[in-house]
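**Q** The structure under discussion is supplied below as structure tokens; questions concerning it will follow.
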Amino acid sequence: MTTIDRDHATAKLRAEELRARIEDANYRYYVLNEPTISDAEYDALMRELREIEARYPDLLTPDSPTQRVGGQAAGGFKTVRHRVPMLSLGNAFSYEEVRAWYQRALRLANTEKLDLVCELKIDGLAIALTYENGHLTLGATRGDGVVGEDVTHNIRTIRSVPLRVKNGIPPRFEVRGECYMSRSGFEQLNAQRAAAGERVFANPRNAAAGSLRQLDPSITASRPLDTFMYQIGWIEGGEMPATHWEALELLKRWGFRVNPNVRHVDGIEEAIAYCEEWGPKRETLDYDIDGIVIKINSLAVQEELGFVGREPRWAIAYKYPPVDATTRLLDIGINVGRTGTLNPYAILEPVRVSGALISLATLHNEDYIRRRDIRIGDVVFVRRAGEVIPQVIGPVVAMRTGNEREFRMPDRCPECGTPVVRPPGEVRVYCPNRNCPAQAFRLLTHFASRDAMDIKGLGEALAQQLLDANLVQDPGDLYSLTLEQLAGLERMGEKSARNVLDEIERSKQRPYPNVLFALGIRHVGLETATLLAEHFPGIDDLMRADESSLTAIPSIGPSVAQSIEAWFQDERNRAFVEKLRRAGVRLSGGPAHQQGPLSGTTWVLTGALESMTRGEAQERLRALGARTADNVTRATSHVVVGADPGSKLDRARKLGIPTLDEATFLKVLADPSVLATIKPAG
């Protein structure tokens, strides 16, 4: 053996030793929270390993600890079809619903008792990790549960994720868990972004999701992401454990980070006691939880119970009620929406609510402010509706000093100075100026949003740049942008510009209902757009439709029909549509509908729900086979009434359509069969 060969062999052995020591240090620090070496010692080991790999490139392996940080920026994310679907959990918002779920499980399993496992419901992003021969080969997001995105390069940067595992592992297996950002890490990240003049994240969950979906892995590596693993998805070349509890123990032995607060309980009352225990304790954690997940322990029983719709019968998530906080309302601002609506919002003295620092909150509309008698200078109650959207609930009247001021909606648009209008029968005030710069900005960001054309990378900052540079008059101009134009904008560069252009090109294949929603027609949400696509399978048919043919559609009323007809009669809008047609955007095709126990019914929601957002409620209904609509008509089956309902409630009462309060609605979601036994209000 030559000297060179001996040196290479020595370096190989040393590299293996260094990797083993670094992996052990990572495991003890990030998983066990029991560090055994100092930061300086860790850095010295990493430095030596990098030097060996630089001297002998053939010794560099994909699972080396040096490969966690950096790497090449991706041009986009590939899709991944999950071998076993990652389906969503059903929610319970009371202990009665939890007990009802347990009793159904007992009945279906034909047994008198089931032991359970309780876990904290981490507020993060679901991920699935595939290992082959001990090496991490794939990291994917949940996506829609069936198809996710390949984020392997970004997953590799998270230090609590082992790049290779041992200890009696099967040849191939998948583990599932939650990627999240701690509260302390979130605050540190936002402080850094604010100091750099960058936009801050709204909450830790949004920050985690945005960080994991970066095209450049080095950006993900700079973010304080962490994981808890909670399930074995599948095993190939080995046997699944008999119980979920054994699976969690197995994950720990393999070196994965499992939440230390999981508990094996004997029956539903012990599970409820666990929920009660963690309600007041959740604010002591350094990460957000929004509830407790309760799972049947036996995997054989899990398989026997199966799924209903897109939810497992063998698990349920108990959701904690929203947390209120008090703070002072410093002022009321106005933003102008894409259709010209003037939307009031609260400017608050910053306050922490459910783990997020809140300084802005919604006030819905002028009538909401009047009914609640909310005044500038009031101490107010603030809540995160559905644990996401902050809203002002009302004033603390007893703390008034007499210096509070009543709010008055401006009589002119704050953006362009045009006199505002309030159409008869509507609660909204509008700026009628189609050339209002705020409307152009909102329409462009709406067009690029996830439920519309889903153009990733086209956020508020880039939208404003495009408008300021006069590169875009309406969203149809996006499809004429060139690489040179985009790359010439501030803080873009050729690589970022190319990524945005790729996203714009990809958006041409968005489903027709999403394209209709993206147009930004007043009163046409995604539900109405889906309904229109069913009845007018091509946009030319819709453009020719008049009010009478539109109102013939169930759930389309006169005001919506008039808005649609007027929009397509405007020459500027028709020119906008023609730009989309020339670009090759999909302008025809209908939606697919899922069958379920609520098939054949049409639901409308009005007012604010406390237990979930309106979008979540609509998704739950659609998963059960129901149709959802934006407006109340004679074809509406049921109307769900939340806090501060609008004119939809009056319309439902006038037409004699059954209405359900939130508590009744939650019972229906938990068990649709009870709908036949419920006597709705109204």
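Starting from 1 in every chain, residues are counted up; chains themselves are A, B, ... following the order of the structure tokens, and ligands are numbered from 1 as listed.
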Report as JSON, numbers by chain all protein, DNA and RNA residues lying within 8 Å of Ala126 in chain A, evaluated on only C-alpha atoms, omitting residues in the same chain fewer than 3 positions from it.

**A** {"A": [141, 142, 176, 177, 178, 179]}

**Q** Can you write out the residues you just picked, keeping C-alpha atoms, as a PDB file, in the first residue's frame?

**A**
```
ATOM      1  CA  THR A 141     -44.826  17.890   3.164  1.00  0.00           C
ATOM      2  CA  ARG A 142     -48.392  16.709   3.760  1.00  0.00           C
ATOM      3  CA  ARG A 176     -44.341  11.155  10.251  1.00  0.00           C
ATOM      4  CA  GLY A 177     -44.300  14.165  12.477  1.00  0.00           C
ATOM      5  CA  GLU A 178     -44.560  17.902  12.827  1.00  0.00           C
ATOM      6  CA  CYS A 179     -42.078  20.565  11.788  1.00  0.00           C
TER       7      CYS A 179
END
```

**Q** Taking the DSSP secondary structure from the backbone, can you list the residues of range 277-520 of chain A that are strand (DSSP E or B), as a CSV table (one decimal) with N, CA and C atoms, in the first residue's frame?

**A**
```csv
chain,number,residue,atom,x,y,z
A,289,ILE,N,-49.3,24.9,20.9
A,289,ILE,CA,-50.2,23.8,20.7
A,289,ILE,C,-51.6,24.3,20.6
A,290,ASP,N,-52.5,23.7,19.8
A,290,ASP,CA,-53.9,24.2,19.8
A,290,ASP,C,-54.9,23.1,20.2
A,291,GLY,N,-54.4,22.1,20.8
A,291,GLY,CA,-55.3,21.0,21.3
A,291,GLY,C,-54.5,19.8,21.7
A,292,ILE,N,-55.3,18.7,21.8
A,292,ILE,CA,-54.8,17.4,22.2
A,292,ILE,C,-55.2,16.4,21.2
A,293,VAL,N,-54.3,15.5,20.7
A,293,VAL,CA,-54.7,14.4,19.8
A,293,VAL,C,-54.9,13.2,20.6
A,294,ILE,N,-56.0,12.5,20.5
A,294,ILE,CA,-56.3,11.3,21.2
A,294,ILE,C,-56.4,10.2,20.2
A,295,LYS,N,-55.6,9.1,20.3
A,295,LYS,CA,-55.6,8.0,19.4
A,295,LYS,C,-55.8,6.7,20.1
A,296,ILE,N,-56.5,5.8,19.4
A,296,ILE,CA,-56.7,4.4,19.9
A,296,ILE,C,-55.4,3.7,19.8
A,298,SER,N,-54.3,0.4,19.9
A,298,SER,CA,-54.1,-0.8,19.1
A,298,SER,C,-54.1,-0.5,17.6
A,307,PHE,N,-61.4,4.8,8.0
A,307,PHE,CA,-61.7,6.2,7.8
A,307,PHE,C,-63.1,6.5,7.4
A,308,VAL,N,-63.5,7.7,7.7
A,308,VAL,CA,-64.8,8.3,7.1
A,308,VAL,C,-64.4,9.6,6.4
A,311,GLU,N,-61.0,11.5,7.2
A,311,GLU,CA,-60.6,11.5,8.6
A,311,GLU,C,-60.6,10.1,9.2
A,312,PRO,N,-59.6,9.8,10.0
A,312,PRO,CA,-59.6,8.5,10.6
A,312,PRO,C,-60.6,8.4,11.7
A,315,ALA,N,-58.9,8.3,15.7
A,315,ALA,CA,-58.2,9.4,16.3
A,315,ALA,C,-59.1,10.6,16.2
A,316,ILE,N,-58.9,11.5,17.2
A,316,ILE,CA,-59.7,12.8,17.2
A,316,ILE,C,-58.8,13.9,17.8
A,317,ALA,N,-59.0,15.1,17.4
A,317,ALA,CA,-58.2,16.2,18.0
A,317,ALA,C,-59.2,17.1,18.8
A,318,TYR,N,-58.9,17.1,20.1
A,318,TYR,CA,-59.7,18.0,20.9
A,318,TYR,C,-59.1,19.4,20.8
A,319,LYS,N,-59.8,20.4,20.4
A,319,LYS,CA,-59.3,21.8,20.2
A,319,LYS,C,-59.7,22.6,21.4
A,324,ASP,N,-58.5,34.7,25.0
A,324,ASP,CA,-58.7,36.2,24.9
A,324,ASP,C,-57.6,36.9,25.7
A,325,ALA,N,-57.3,38.1,25.3
A,325,ALA,CA,-56.4,39.0,26.0
A,325,ALA,C,-56.9,40.4,25.9
A,326,THR,N,-56.4,41.3,26.8
A,326,THR,CA,-56.9,42.7,26.7
A,326,THR,C,-55.7,43.6,26.4
A,327,THR,N,-55.9,44.6,25.6
A,327,THR,CA,-54.9,45.6,25.3
A,327,THR,C,-55.6,46.9,24.8
A,328,ARG,N,-54.9,47.9,24.6
A,328,ARG,CA,-55.5,49.2,24.2
A,328,ARG,C,-55.6,49.3,22.7
A,329,LEU,N,-56.7,49.8,22.2
A,329,LEU,CA,-56.9,50.1,20.8
A,329,LEU,C,-56.4,51.5,20.5
A,330,LEU,N,-55.2,51.6,19.9
A,330,LEU,CA,-54.5,52.9,19.7
A,330,LEU,C,-55.2,53.7,18.6
A,331,ASP,N,-55.6,53.0,17.5
A,331,ASP,CA,-56.2,53.7,16.4
A,331,ASP,C,-56.9,52.7,15.5
A,332,ILE,N,-57.7,53.2,14.6
A,332,ILE,CA,-58.4,52.3,13.6
A,332,ILE,C,-57.9,52.8,12.2
A,333,GLY,N,-57.3,51.9,11.5
A,333,GLY,CA,-56.8,52.2,10.1
A,333,GLY,C,-57.8,51.6,9.1
A,334,ILE,N,-57.5,52.0,7.8
A,334,ILE,CA,-58.4,51.5,6.7
A,334,ILE,C,-57.5,51.0,5.6
A,335,ASN,N,-57.8,49.8,5.2
A,335,ASN,CA,-57.1,49.3,3.9
A,335,ASN,C,-58.2,49.1,2.8
A,336,VAL,N,-57.8,49.3,1.6
A,336,VAL,CA,-58.7,49.2,0.5
A,336,VAL,C,-58.5,47.9,-0.2
A,341,THR,N,-63.5,47.7,-1.5
A,341,THR,CA,-64.0,47.8,-0.1
A,341,THR,C,-63.1,48.5,0.8
A,342,LEU,N,-63.6,49.4,1.7
A,342,LEU,CA,-62.8,50.0,2.7
A,342,LEU,C,-63.0,49.2,4.0
A,343,ASN,N,-61.9,48.6,4.4
A,343,ASN,CA,-61.9,47.6,5.5
A,343,ASN,C,-61.2,48.2,6.7
A,344,PRO,N,-61.9,48.4,7.8
A,344,PRO,CA,-61.3,48.9,9.0
A,344,PRO,C,-60.5,47.8,9.8
A,345,TYR,N,-59.4,48.2,10.3
A,345,TYR,CA,-58.6,47.3,11.2
A,345,TYR,C,-58.1,48.0,12.4
A,346,ALA,N,-57.8,47.2,13.4
A,346,ALA,CA,-57.4,47.8,14.7
A,346,ALA,C,-55.9,47.8,14.8
A,347,ILE,N,-55.4,49.0,15.2
A,347,ILE,CA,-54.0,49.2,15.5
A,347,ILE,C,-53.9,49.1,17.1
A,348,LEU,N,-53.2,48.0,17.5
A,348,LEU,CA,-53.2,47.7,19.0
A,348,LEU,C,-51.9,47.9,19.6
A,349,GLU,N,-51.9,48.2,20.9
A,349,GLU,CA,-50.7,48.1,21.7
A,349,GLU,C,-50.4,46.6,21.8
A,350,PRO,N,-49.2,46.2,21.3
A,350,PRO,CA,-48.8,44.8,21.1
A,350,PRO,C,-49.2,43.9,22.4
A,351,VAL,N,-49.8,42.8,22.1
A,351,VAL,CA,-50.2,41.9,23.2
A,351,VAL,C,-50.0,40.4,22.7
A,352,ARG,N,-49.6,39.5,23.6
A,352,ARG,CA,-49.5,38.1,23.2
A,352,ARG,C,-50.8,37.4,23.4
A,353,VAL,N,-51.2,36.7,22.3
A,353,VAL,CA,-52.5,35.9,22.3
A,353,VAL,C,-52.2,34.6,21.7
A,356,ALA,N,-48.8,34.2,20.0
A,356,ALA,CA,-48.3,35.2,18.9
A,356,ALA,C,-48.5,36.6,19.5
A,357,LEU,N,-47.5,37.4,19.1
A,357,LEU,CA,-47.5,38.8,19.4
A,357,LEU,C,-48.4,39.6,18.4
A,358,ILE,N,-49.5,40.1,18.9
A,358,ILE,CA,-50.5,40.8,18.1
A,358,ILE,C,-50.5,42.3,18.2
A,359,SER,N,-50.4,43.0,17.0
A,359,SER,CA,-50.4,44.4,17.0
A,359,SER,C,-51.5,44.9,16.1
A,360,LEU,N,-52.0,44.1,15.2
A,360,LEU,CA,-53.1,44.4,14.3
A,360,LEU,C,-54.2,43.4,14.4
A,361,ALA,N,-55.4,43.8,14.2
A,361,ALA,CA,-56.6,42.8,14.3
A,361,ALA,C,-57.7,43.3,13.4
A,362,THR,N,-58.5,42.4,12.9
A,362,THR,CA,-59.7,42.8,12.1
A,362,THR,C,-60.8,43.4,12.9
A,376,ILE,N,-61.9,54.3,19.7
A,376,ILE,CA,-60.5,54.5,19.7
A,376,ILE,C,-60.0,54.9,21.1
A,379,VAL,N,-59.8,50.0,26.0
A,379,VAL,CA,-59.1,48.8,26.3
A,379,VAL,C,-60.1,47.7,25.7
A,380,VAL,N,-59.6,46.8,24.9
A,380,VAL,CA,-60.4,45.9,24.2
A,380,VAL,C,-60.0,44.4,24.4
A,381,PHE,N,-61.0,43.5,24.2
A,381,PHE,CA,-60.7,42.1,24.2
A,381,PHE,C,-60.2,41.7,22.8
A,382,VAL,N,-59.1,40.9,22.7
A,382,VAL,CA,-58.6,40.5,21.5
A,382,VAL,C,-58.5,38.9,21.5
A,383,ARG,N,-58.9,38.3,20.4
A,383,ARG,CA,-58.9,36.9,20.3
A,383,ARG,C,-58.4,36.5,18.9
A,384,ARG,N,-57.7,35.3,18.9
A,384,ARG,CA,-57.3,34.7,17.6
A,384,ARG,C,-58.3,33.7,17.2
A,385,ALA,N,-59.2,34.2,16.2
A,385,ALA,CA,-60.3,33.3,15.8
A,385,ALA,C,-59.7,32.1,15.0
A,389,ILE,N,-56.6,34.1,12.9
A,389,ILE,CA,-56.9,35.5,12.6
A,389,ILE,C,-57.2,36.3,13.8
A,390,PRO,N,-56.4,37.3,14.2
A,390,PRO,CA,-56.8,38.1,15.4
A,390,PRO,C,-58.0,39.0,15.1
A,391,GLN,N,-58.9,39.1,16.1
A,391,GLN,CA,-60.0,40.0,16.0
A,391,GLN,C,-60.3,40.7,17.3
A,392,VAL,N,-60.9,41.9,17.2
A,392,VAL,CA,-61.3,42.6,18.4
A,392,VAL,C,-62.7,42.1,18.7
A,393,ILE,N,-62.9,41.6,19.9
A,393,ILE,CA,-64.2,41.1,20.3
A,393,ILE,C,-65.1,42.2,20.9
A,394,GLY,N,-64.6,43.1,21.6
A,394,GLY,CA,-65.4,44.2,22.2
A,394,GLY,C,-64.6,45.0,23.2
A,395,PRO,N,-65.2,46.1,23.7
A,395,PRO,CA,-64.5,47.0,24.7
A,395,PRO,C,-64.6,46.5,26.1
A,405,ARG,N,-62.7,57.9,21.6
A,405,ARG,CA,-63.3,58.6,20.4
A,405,ARG,C,-64.1,57.6,19.6
A,412,ARG,N,-64.0,59.7,1.9
A,412,ARG,CA,-63.2,59.6,0.7
A,412,ARG,C,-62.2,58.5,0.8
A,419,PRO,N,-64.6,60.1,-3.6
A,419,PRO,CA,-65.8,59.9,-2.7
A,419,PRO,C,-66.2,58.5,-2.7
A,421,VAL,N,-68.8,55.1,-1.7
A,421,VAL,CA,-70.2,54.9,-1.9
A,421,VAL,C,-70.6,53.6,-1.0
A,430,TYR,N,-67.5,51.4,-0.4
A,430,TYR,CA,-66.6,51.1,-1.5
A,430,TYR,C,-66.0,52.4,-2.1
```

**Q** Pick from A:Thr664, A:Arg370, A:Val500, A:Glu460: nearest to Thr677 in chain A, with only C-alpha atoms counted?

**A**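 Among the listed residues, the smallest separation from Thr677 in chain A belongs to A:Thr664.
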
**Q** Residues within 12 Å of Tyr102 in chain A, please, as a ChimeraX atom specification. Count only C-alpha atoms; anything in the same chain fewer than 2 positions from it doesn't count.

**A** /A:92,95-100,104-116,267-269,271-272,294-296,305,313-316,670

**Q** Using only C-alpha atoms, can you tell me which of A:Pro672, A:Gly600, A:Pro424, A:Pro280 comes closest to Thr628 in chain A?

**A** A:Gly600

**Q** Quick check, in Å to one decimal: how far apart do CA of Glu527 in chain A and CA of Ser88 in chain A lie?

**A**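 Distance reported for this atom pair: 21.1 Å.
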
**Q** Considering only C-alpha atoms, can you say which of A:Ser588, A:Ser507, A:Thr220, A:Thr613 comes closest to Ile539 in chain A?

**A**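 Looking only at the distances to Ile539 in chain A, the closest residue turns out to be A:Ser588.
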
**Q** Run DSSP on the backbone and give me the residues of range 537-668 of chain A it puts in alpha helix (DSSP H), as an MDAnalysis selection string.

**A** chainID A and resid 539:544 547:551 558:569 571:583 614:623 647:655 662:668

**Q** I need the residues from that last selection saved to file as a compact mmCIF listing (two decimals), in the first residue's frame (with C-alpha atoms), if you can.

**A**
```
# COMPACT_ATOMS: atom_id res chain seq x y z
CA ILE A 539 -65.64 31.39 -19.76
CA ASP A 540 -67.25 32.43 -23.06
CA ASP A 541 -70.53 30.93 -21.83
CA LEU A 542 -70.20 32.90 -18.60
CA MET A 543 -69.35 36.13 -20.41
CA ARG A 544 -72.63 35.84 -22.39
CA GLU A 547 -78.90 38.18 -14.82
CA SER A 548 -81.82 35.82 -15.44
CA SER A 549 -79.61 32.89 -16.48
CA LEU A 550 -77.30 33.51 -13.53
CA THR A 551 -80.10 33.69 -10.93
CA PRO A 558 -79.72 39.06 -7.87
CA SER A 559 -76.90 41.13 -6.35
CA VAL A 560 -74.30 38.47 -7.18
CA ALA A 561 -75.72 38.02 -10.69
CA GLN A 562 -75.69 41.77 -11.32
CA SER A 563 -72.08 41.99 -10.13
CA ILE A 564 -70.97 39.15 -12.46
CA GLU A 565 -72.83 40.54 -15.46
CA ALA A 566 -71.50 44.07 -14.89
CA TRP A 567 -67.93 42.77 -14.52
CA PHE A 568 -67.95 40.99 -17.88
CA GLN A 569 -69.60 43.97 -19.62
CA GLU A 571 -64.27 46.38 -21.65
CA ARG A 572 -61.21 46.55 -19.39
CA ASN A 573 -62.20 43.27 -17.77
CA ARG A 574 -62.84 41.61 -21.13
CA ALA A 575 -59.37 42.74 -22.24
CA PHE A 576 -57.98 41.21 -19.02
CA VAL A 577 -59.64 37.88 -19.88
CA GLU A 578 -58.26 38.01 -23.43
CA LYS A 579 -54.74 38.39 -22.07
CA LEU A 580 -55.28 35.21 -20.07
CA ARG A 581 -56.66 33.43 -23.14
CA ARG A 582 -53.67 34.42 -25.31
CA ALA A 583 -51.30 33.27 -22.57
CA ARG A 614 -64.72 29.86 7.76
CA GLY A 615 -62.36 28.18 5.30
CA GLU A 616 -61.80 25.27 7.70
CA ALA A 617 -65.56 24.91 8.21
CA GLN A 618 -66.17 24.85 4.45
CA GLU A 619 -63.43 22.26 3.99
CA ARG A 620 -65.00 20.06 6.68
CA LEU A 621 -68.40 20.29 4.96
CA ARG A 622 -66.97 19.48 1.53
CA ALA A 623 -65.15 16.46 2.99
CA SER A 647 -77.71 40.03 6.07
CA LYS A 648 -77.47 36.32 5.17
CA LEU A 649 -79.25 35.47 8.43
CA ASP A 650 -82.11 37.83 7.59
CA ARG A 651 -82.32 36.30 4.13
CA ALA A 652 -82.41 32.76 5.59
CA ARG A 653 -85.22 33.69 7.97
CA LYS A 654 -87.17 35.32 5.16
CA LEU A 655 -86.89 32.19 3.01
CA GLU A 662 -72.08 26.83 16.12
CA ALA A 663 -72.58 24.20 18.82
CA THR A 664 -75.19 22.36 16.72
CA PHE A 665 -73.00 22.67 13.63
CA LEU A 666 -70.10 21.01 15.47
CA LYS A 667 -72.36 18.08 16.41
CA VAL A 668 -73.22 17.60 12.74
```

**Q** Give me the residues within 8 Å of Arg634 in chain A as a ChimeraX atom specification, counting only C-alpha atoms and dropping any in the same chain fewer than 6 places off.

**A** /A:554-555,655,657

**Q** The selected residues should be written to file as a PDB file, in the first residue's frame (atoms: C-alpha atoms).

**A**
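File written: again.pdb
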```pdb
ATOM      1  CA  PRO A 554     -79.138  27.668  -7.036  1.00  0.00           C
ATOM      2  CA  SER A 555     -77.286  29.925  -4.535  1.00  0.00           C
ATOM      3  CA  LEU A 655     -86.889  32.191   3.014  1.00  0.00           C
ATOM      4  CA  ILE A 657     -84.182  28.081   5.598  1.00  0.00           C
TER       5      ILE A 657
END
```

**Q** Which distance in Å separates CA of Leu444 in chain A and CA of Asp474 in chain A, to one decimal?

**A**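 These atoms are spaced 7.0 Å apart.
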
**Q** What's around Ser637 in chain A at 6 Å? Count only C-alpha atoms, leave out sequence neighbours fewer than 3 positions away in its own chain, and write the answer as a ChimeraX atom specification.

**A** /A:601-603
